[in-house]
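Text of work.csv (CSV, C-alpha atoms and all ligand atoms) as supplied:
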```csv
chain,number,residue,atom,x,y,z
A,1,MET,CA,-13.7,5.0,13.7
A,2,LYS,CA,-14.9,8.6,14.1
A,3,LYS,CA,-18.3,10.0,13.0
A,4,ASN,CA,-16.6,11.8,10.1
A,5,ASP,CA,-15.2,8.5,8.8
A,6,LEU,CA,-18.8,7.1,8.6
A,7,ILE,CA,-20.0,10.2,6.8
A,8,LEU,CA,-17.2,9.9,4.3
A,9,ALA,CA,-18.0,6.2,3.7
A,10,ALA,CA,-21.7,7.0,3.2
A,11,ALA,CA,-20.8,9.7,0.7
A,12,ILE,CA,-18.6,7.3,-1.3
A,13,ILE,CA,-21.3,4.6,-1.3
A,14,ALA,CA,-23.9,7.1,-2.4
A,15,ALA,CA,-21.7,8.2,-5.3
A,16,ALA,CA,-21.2,4.6,-6.4
A,17,ALA,CA,-24.9,3.9,-6.1
A,18,VAL,CA,-25.9,7.0,-8.2
A,19,ILE,CA,-23.5,6.0,-11.0
A,20,LEU,CA,-24.8,2.4,-10.8
A,21,ALA,CA,-28.4,3.6,-11.1
A,22,ILE,CA,-27.5,5.8,-14.1
A,23,GLN,CA,-25.8,2.8,-15.8
A,24,PHE,CA,-28.8,0.5,-15.0
A,25,PHE,CA,-31.4,2.8,-16.6
A,26,ARG,CA,-29.2,3.5,-19.6
A,27,GLN,CA,-29.2,-0.1,-20.6
A,28,ASP,CA,-31.6,-1.4,-23.2
A,29,ASN,CA,-32.3,-4.8,-24.7
A,30,GLY,CA,-31.9,-3.8,-28.3
A,31,GLU,CA,-29.2,-4.8,-30.7
A,32,GLN,CA,-25.8,-4.8,-29.2
A,33,HIS,CA,-22.5,-4.2,-30.9
A,34,VAL,CA,-18.9,-4.7,-29.9
A,35,VAL,CA,-16.7,-1.7,-30.7
A,36,VAL,CA,-13.0,-2.3,-30.8
A,37,THR,CA,-10.6,0.7,-30.6
A,38,VAL,CA,-6.9,0.7,-30.8
A,39,ASP,CA,-5.1,3.7,-29.4
A,40,GLY,CA,-8.3,5.7,-29.5
A,41,ASP,CA,-9.1,4.9,-33.2
A,42,VAL,CA,-12.1,2.6,-34.1
A,43,PHE,CA,-10.7,-0.6,-35.4
A,44,GLY,CA,-14.1,-2.2,-36.1
A,45,THR,CA,-17.7,-2.7,-35.0
A,46,TYR,CA,-19.2,-6.1,-34.7
A,47,ASP,CA,-22.6,-7.6,-34.0
A,48,LEU,CA,-22.7,-9.2,-30.5
A,49,ALA,CA,-25.3,-11.7,-31.7
A,50,GLU,CA,-23.1,-13.2,-34.4
A,51,ASN,CA,-20.4,-15.7,-33.4
A,52,GLN,CA,-17.0,-14.6,-34.8
A,53,THR,CA,-13.3,-14.4,-34.1
A,54,ILE,CA,-11.6,-11.1,-34.7
A,55,GLU,CA,-7.8,-10.6,-35.0
A,56,ILE,CA,-7.0,-7.2,-33.6
A,57,GLY,CA,-3.8,-6.5,-35.4
A,58,LYS,CA,-1.1,-8.9,-34.4
A,59,THR,CA,-1.5,-8.3,-30.6
A,60,ASN,CA,-5.0,-9.5,-29.5
A,61,ARG,CA,-7.6,-12.0,-30.6
A,62,LEU,CA,-11.3,-11.4,-29.7
A,63,VAL,CA,-13.9,-14.1,-29.7
A,64,ILE,CA,-17.6,-13.3,-29.9
A,65,GLU,CA,-19.7,-16.3,-28.9
A,66,ASN,CA,-23.2,-16.9,-27.6
A,67,GLY,CA,-23.9,-13.3,-27.1
A,68,ASN,CA,-20.8,-12.3,-25.2
A,69,ALA,CA,-17.3,-11.2,-26.1
A,70,ARG,CA,-14.0,-12.3,-24.5
A,71,MET,CA,-10.3,-11.8,-25.2
A,72,GLU,CA,-9.0,-15.2,-26.2
A,73,TRP,CA,-5.4,-14.3,-26.6
A,74,ALA,CA,-3.1,-11.4,-26.2
A,75,ASP,CA,0.7,-10.9,-26.3
A,76,CYS,CA,0.6,-8.4,-23.4
A,77,PRO,CA,2.7,-9.1,-20.3
A,78,ASP,CA,0.0,-8.7,-17.7
A,79,GLN,CA,-2.7,-10.8,-19.4
A,80,ILE,CA,-5.4,-8.9,-17.5
A,81,CYS,CA,-7.5,-8.6,-20.7
A,82,VAL,CA,-7.3,-12.4,-21.2
A,83,ASN,CA,-8.3,-13.1,-17.6
A,84,HIS,CA,-11.1,-10.6,-17.8
A,85,LYS,CA,-14.6,-12.2,-17.7
A,86,ALA,CA,-16.6,-12.1,-20.9
A,87,VAL,CA,-18.6,-8.9,-21.4
A,88,ASP,CA,-22.2,-8.7,-22.6
A,89,LYS,CA,-23.7,-5.6,-21.0
A,90,ASN,CA,-23.9,-2.1,-22.5
A,91,GLY,CA,-21.0,0.0,-21.4
A,92,GLU,CA,-18.9,-3.0,-20.2
A,93,SER,CA,-15.4,-3.2,-21.7
A,94,ILE,CA,-12.3,-5.2,-21.7
A,95,ILE,CA,-9.1,-3.2,-21.7
A,96,CYS,CA,-5.7,-4.2,-22.7
A,97,LEU,CA,-3.6,-1.4,-21.4
A,98,PRO,CA,-0.2,-2.4,-22.8
A,99,ASN,CA,-1.6,-2.8,-26.3
A,100,LYS,CA,-4.0,0.2,-26.0
A,101,VAL,CA,-6.9,-2.0,-27.1
A,102,VAL,CA,-10.4,-1.4,-25.8
A,103,VAL,CA,-13.3,-3.7,-26.5
A,104,SER,CA,-16.6,-2.3,-25.4
A,105,VAL,CA,-20.2,-3.3,-25.7
A,106,GLU,CA,-22.6,-0.7,-26.9
A,107,GLY,CA,-26.4,-0.7,-27.4
A,108,SER,CA,-28.1,0.5,-30.5
A,109,LYS,CA,-29.8,3.3,-28.5
A,110,THR,CA,-26.6,4.8,-27.2
A,111,SER,CA,-24.9,4.7,-30.5
A,112,SER,CA,-27.8,6.5,-32.2
A,113,LEU,CA,-27.6,9.1,-29.5
A,114,ASP,CA,-23.9,9.5,-30.1
A,115,GLY,CA,-24.7,10.0,-33.8
A,116,ILE,CA,-27.0,12.8,-32.9
A,117,ALA,CA,-24.5,14.4,-30.6
A,118,GLN,CA,-21.9,14.4,-33.4
B,1,MET,CA,25.5,18.0,16.0
B,2,LYS,CA,24.8,16.7,19.5
B,3,ASP,CA,24.9,13.0,20.1
B,4,SER,CA,21.2,12.8,20.5
B,5,GLU,CA,20.7,14.5,17.1
B,6,VAL,CA,23.0,12.2,15.4
B,7,GLY,CA,21.1,9.3,17.0
B,8,ARG,CA,17.8,10.7,15.7
B,9,VAL,CA,19.1,11.1,12.1
B,10,LYS,CA,20.5,7.6,12.1
B,11,ASN,CA,17.3,6.4,13.6
B,12,ARG,CA,15.2,8.1,10.9
B,13,ALA,CA,17.3,6.6,8.1
B,14,ALA,CA,17.0,3.2,9.7
B,15,TYR,CA,13.2,3.5,10.1
B,16,PHE,CA,13.0,4.6,6.5
B,17,GLY,CA,15.0,1.6,5.3
B,18,ILE,CA,12.8,-0.8,7.3
B,19,PHE,CA,9.6,0.8,6.1
B,20,THR,CA,10.7,0.7,2.5
B,21,ALA,CA,11.7,-2.9,2.8
B,22,LEU,CA,8.4,-3.8,4.4
B,23,ALA,CA,6.5,-1.9,1.7
B,24,LEU,CA,8.4,-3.8,-1.0
B,25,ILE,CA,7.7,-7.1,0.6
B,26,PHE,CA,4.0,-6.2,0.7
B,27,SER,CA,4.1,-5.2,-3.0
B,28,TYR,CA,5.7,-8.5,-3.8
B,29,VAL,CA,3.2,-10.5,-1.7
B,30,GLU,CA,0.5,-8.7,-3.6
B,31,THR,CA,1.8,-9.9,-7.0
B,32,LEU,CA,1.6,-13.5,-5.6
B,33,ILE,CA,-2.0,-13.2,-4.4
B,34,PRO,CA,-4.2,-14.5,-7.3
B,35,ILE,CA,-7.0,-12.1,-6.6
B,36,ARG,CA,-8.4,-10.9,-9.9
B,37,PHE,CA,-11.2,-8.5,-9.7
B,38,GLY,CA,-11.4,-8.5,-13.4
B,39,THR,CA,-10.7,-4.8,-13.6
B,40,PRO,CA,-7.4,-3.1,-14.0
B,41,GLY,CA,-6.5,-1.0,-11.0
B,42,ILE,CA,-8.0,-3.0,-8.1
B,43,LYS,CA,-5.5,-4.2,-5.6
B,44,LEU,CA,-5.6,-5.0,-2.0
B,45,GLY,CA,-3.1,-2.1,-1.4
B,46,LEU,CA,-1.1,-3.9,1.2
B,47,ALA,CA,1.9,-1.6,0.6
B,48,ASN,CA,-0.4,1.3,1.4
B,49,LEU,CA,-0.5,0.1,5.0
B,50,VAL,CA,3.1,1.2,5.4
B,51,THR,CA,2.3,4.6,3.7
B,52,VAL,CA,-0.5,5.2,6.1
B,53,ILE,CA,1.6,4.4,9.2
B,54,VAL,CA,4.4,6.7,8.1
B,55,LEU,CA,2.0,9.5,7.2
B,56,PHE,CA,0.5,9.4,10.7
B,57,ARG,CA,3.9,9.0,12.4
B,58,THR,CA,6.3,11.2,10.7
B,59,GLY,CA,4.3,13.2,8.1
B,60,TRP,CA,3.6,13.5,4.4
B,61,LYS,CA,7.1,14.2,3.2
B,62,ASP,CA,8.4,10.9,4.5
B,63,ALA,CA,5.3,9.1,3.3
B,64,LEU,CA,5.7,10.6,-0.2
B,65,LEU,CA,9.4,9.7,-0.4
B,66,LEU,CA,8.6,6.2,0.8
B,67,SER,CA,5.8,5.5,-1.6
B,68,VAL,CA,7.7,7.0,-4.7
B,69,THR,CA,10.7,4.9,-3.7
B,70,ARG,CA,8.6,1.8,-3.2
B,71,ILE,CA,6.7,2.2,-6.5
B,72,ILE,CA,9.8,2.7,-8.6
B,73,LEU,CA,11.7,-0.2,-7.0
B,74,ALA,CA,8.7,-2.5,-7.2
B,75,GLY,CA,8.1,-1.5,-10.8
B,76,PHE,CA,11.7,-2.4,-11.8
B,77,MET,CA,11.5,-5.7,-9.8
B,78,PHE,CA,8.1,-7.1,-10.5
B,79,GLY,CA,6.5,-4.7,-13.1
B,80,SER,CA,7.1,-2.6,-16.1
B,81,LEU,CA,7.8,1.0,-17.0
B,82,PHE,CA,4.1,1.5,-17.6
B,83,SER,CA,3.1,0.0,-14.3
B,84,ILE,CA,5.4,2.6,-12.6
B,85,VAL,CA,3.5,5.5,-14.3
B,86,TYR,CA,0.2,3.8,-13.6
B,87,SER,CA,1.1,3.3,-9.9
B,88,LEU,CA,2.6,6.7,-9.4
B,89,ALA,CA,-0.6,8.4,-10.6
B,90,GLY,CA,-2.6,6.4,-8.1
B,91,GLY,CA,0.0,6.7,-5.3
B,92,ILE,CA,0.6,10.4,-5.5
B,93,LEU,CA,-3.1,11.3,-5.8
B,94,SER,CA,-4.0,9.0,-2.9
B,95,LEU,CA,-1.2,10.4,-0.7
B,96,ALA,CA,-2.2,14.0,-1.5
B,97,VAL,CA,-5.8,13.3,-0.5
B,98,MET,CA,-4.7,11.4,2.7
B,99,ALA,CA,-2.3,14.1,3.7
B,100,LEU,CA,-5.0,16.8,3.4
B,101,LEU,CA,-7.6,14.7,5.4
B,102,GLU,CA,-5.0,13.9,8.1
B,103,ARG,CA,-4.2,17.6,8.5
B,104,THR,CA,-7.8,18.4,9.3
B,105,GLY,CA,-7.6,16.0,12.3
B,106,LYS,CA,-11.3,15.1,11.8
B,107,PHE,CA,-10.7,11.6,10.5
B,108,SER,CA,-9.2,8.4,12.0
B,109,THR,CA,-6.7,6.3,10.1
B,110,ALA,CA,-9.6,4.3,8.7
B,111,GLY,CA,-11.3,7.3,7.2
B,112,VAL,CA,-8.1,8.8,5.8
B,113,SER,CA,-7.1,5.4,4.3
B,114,MET,CA,-10.6,5.0,2.9
B,115,ALA,CA,-10.3,8.3,1.0
B,116,GLY,CA,-6.8,7.2,0.0
B,117,GLY,CA,-8.0,3.9,-1.4
B,118,VAL,CA,-10.7,5.5,-3.4
B,119,SER,CA,-8.5,8.3,-4.9
B,120,HIS,CA,-5.8,5.7,-5.6
B,121,ASN,CA,-8.3,3.8,-7.9
B,122,ILE,CA,-9.6,7.1,-9.5
B,123,GLY,CA,-6.0,8.1,-10.2
B,124,GLN,CA,-5.3,4.8,-12.0
B,125,LEU,CA,-8.6,5.0,-13.9
B,126,VAL,CA,-7.7,8.4,-15.2
B,127,VAL,CA,-4.3,7.2,-16.4
B,128,ALA,CA,-5.9,4.1,-18.0
B,129,MET,CA,-8.4,6.3,-19.8
B,130,ALA,CA,-5.7,8.6,-21.1
B,131,ALA,CA,-3.5,5.6,-22.1
B,132,VAL,CA,-6.2,3.9,-24.2
B,133,LYS,CA,-7.7,7.3,-25.3
B,134,THR,CA,-11.2,6.1,-24.4
B,135,TYR,CA,-13.8,7.2,-21.9
B,136,GLN,CA,-15.6,3.8,-21.8
B,137,VAL,CA,-13.6,2.8,-18.8
B,138,GLY,CA,-15.9,4.8,-16.6
B,139,TYR,CA,-18.2,1.8,-16.4
B,140,TYR,CA,-16.0,0.5,-13.7
B,141,LEU,CA,-16.1,3.6,-11.5
B,142,PRO,CA,-18.7,2.1,-9.0
B,143,VAL,CA,-16.7,-1.1,-8.6
B,144,LEU,CA,-13.5,0.9,-8.1
B,145,LEU,CA,-15.2,3.2,-5.6
B,146,ALA,CA,-16.5,0.3,-3.6
B,147,ALA,CA,-13.2,-1.6,-3.7
B,148,GLY,CA,-11.2,1.4,-2.7
B,149,LEU,CA,-13.6,2.0,0.2
B,150,ILE,CA,-13.4,-1.5,1.5
B,151,THR,CA,-9.7,-2.1,1.1
B,152,GLY,CA,-8.9,1.4,2.4
B,153,ALA,CA,-11.0,0.9,5.5
B,154,LEU,CA,-9.4,-2.4,6.3
B,155,ILE,CA,-5.8,-1.1,5.7
B,156,GLY,CA,-6.6,2.0,7.8
B,157,ALA,CA,-8.0,-0.1,10.7
B,158,VAL,CA,-4.9,-2.2,10.8
B,159,ALA,CA,-2.7,0.9,10.5
B,160,GLY,CA,-4.5,2.3,13.5
B,161,GLU,CA,-3.8,-0.8,15.6
B,162,VAL,CA,-0.1,-0.8,14.6
B,163,LEU,CA,0.3,2.8,15.5
B,164,LYS,CA,-1.2,2.2,18.9
B,165,ARG,CA,1.2,-0.6,19.5
B,166,ILE,CA,4.3,1.4,18.3
B,167,ARG,CA,3.3,4.1,20.8
B,168,ASN,CA,3.1,1.5,23.6
B,169,ILE,CA,6.5,0.0,22.8
B,170,GLU,CA,8.1,3.5,22.8
B,171,ARG,CA,6.7,4.2,26.2
B,172,ILE,CA,8.5,1.2,27.7
C,1,ZN,ZN,-3.8,-7.4,-22.4
```

Would you write out, as structure tokens, the structure that this file holds?
Amino acid sequence: MKKNDLILAAAIIAAAAVILAIQFFRQDNGEQHVVVTVDGDVFGTYDLAENQTIEIGKTNRLVIENGNARMEWADCPDQICVNHKAVDKNGESIICLPNKVVVSVEGSKTSSLDGIAQ
Amino acid sequence: MKDSEVGRVKNRAAYFGIFTALALIFSYVETLIPIRFGTPGIKLGLANLVTVIVLFRTGWKDALLLSVTRIILAGFMFGSLFSIVYSLAGGILSLAVMALLERTGKFSTAGVSMAGGVSHNIGQLVVAMAAVKTYQVGYYLPVLLAAGLITGALIGAVAGEVLKRIRNIERI
């Protein structure tokens, strides 16, 4: 290891820490929704507090239960989305790359900010 | 061509074959390891070990040829067409960054490979974002940065040791 290696490592850690800090302070405890998009288009928005099962087309099945969302079933070959842990924090998402499905958790605050921005 | 030149060309082809085979084995081993970081794009990067060794030994051109060959072959054998595109984005970006850092001569294999690991993950993240047409995926950036740093440093340290031993063998 050279001194420059350590400087590089420190810079990478600092960048990760800054992004983490921004994410941490952006979170709020308000109402949370689950936004599902397919190929970039919004498929639907669901309340994270309400238990429900959502069929996303014929390719994926999402379950919202006890305040978190998980992909219960998918026809994709890699099954990364199904093995992904349940999500419940703002900004967290489950992605099914083969089916182009994105499930993300959003807070009420961020979505109203988005509304203003548009 | 002189005899010694013929020998060198043959030698180079043989080395390339061995390294490609090794990289493929590592790619395969990686598909068997049930490490799931819960995020697309995070891998141990075992195959990258071979790329780093070749980069330091014979230069970026061989390393590029090797990693493109490895990604395409591995994609056909254990992946899909999409996994090829996905891996190429990470692999080429990572190699470009590593080649630049290696040229400066200011970093050891560990530092170069660290930067490679991080840029590999960033390249894959960008492709993932483009594929799903969403920018939510950025949530995982800190995890991807940390993972690239750790796996890259480990791979680089091992590559450094291997290079040292190869040099010792050649001296005998
Ligand atoms: Zn999936």

Neighbourhood of ligand ZN 1 (chain C) at 6 Å, counting only C-alpha atoms and all ligand atoms, reported as a PyMOL selection string:
chain A and resi 74+76+79-81+96

Separation of atom CA of Gly123 of chain B from atom CA of Thr20 of chain B in Å:
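Rounded to one decimal, the two atoms are 22.2 Å apart.
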
Taking (3.6, -5.5, -23.0) in the file's coordinates as the center, which residues reach within 12 Å of it, counting only C-alpha atoms, put as a list in words?
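Residues close enough to count: Thr59, Asn60, Ala74, Asp75, Cys76, Pro77, Asp78, Gln79, Ile80, Cys81, Cys96, Leu97, Pro98, Asn99, Lys100 and Val101 of chain A; Gly79, Ser80, Leu81, Phe82 and Ser83 of chain B.
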
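Picture a line from atom CA of Ala63 of chain B to atom CA of Gln124 of chain B; it runs 19.1 Å.
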
Leaving out Asn4 of chain A and any residue of its chain fewer than 2 positions from it, which residues lie within 8 Å of it when counting only C-alpha atoms, given as number ranges by chain?
A: 2, 6-8; B: 106-107, 111

Any idea what's packed within 12 Å of Asn68 of chain A, counting only C-alpha atoms, ignoring anything in its chain fewer than 4 positions away? Could you give it as a list in words?
Gln32, His33, Val34, Tyr46, Asp47, Leu48, Ala49, Glu50, Asn51, Gln52, Thr53, Leu62, Val63, Ile64, Lys85, Ala86, Val87, Asp88, Lys89, Asn90, Glu92, Ser93, Ile94, Val103, Ser104, Val105 and Glu106 of chain A

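Put simply, atom CA of Tyr15 of chain B is 10.7 Å away from atom CA of Leu66 of chain B.
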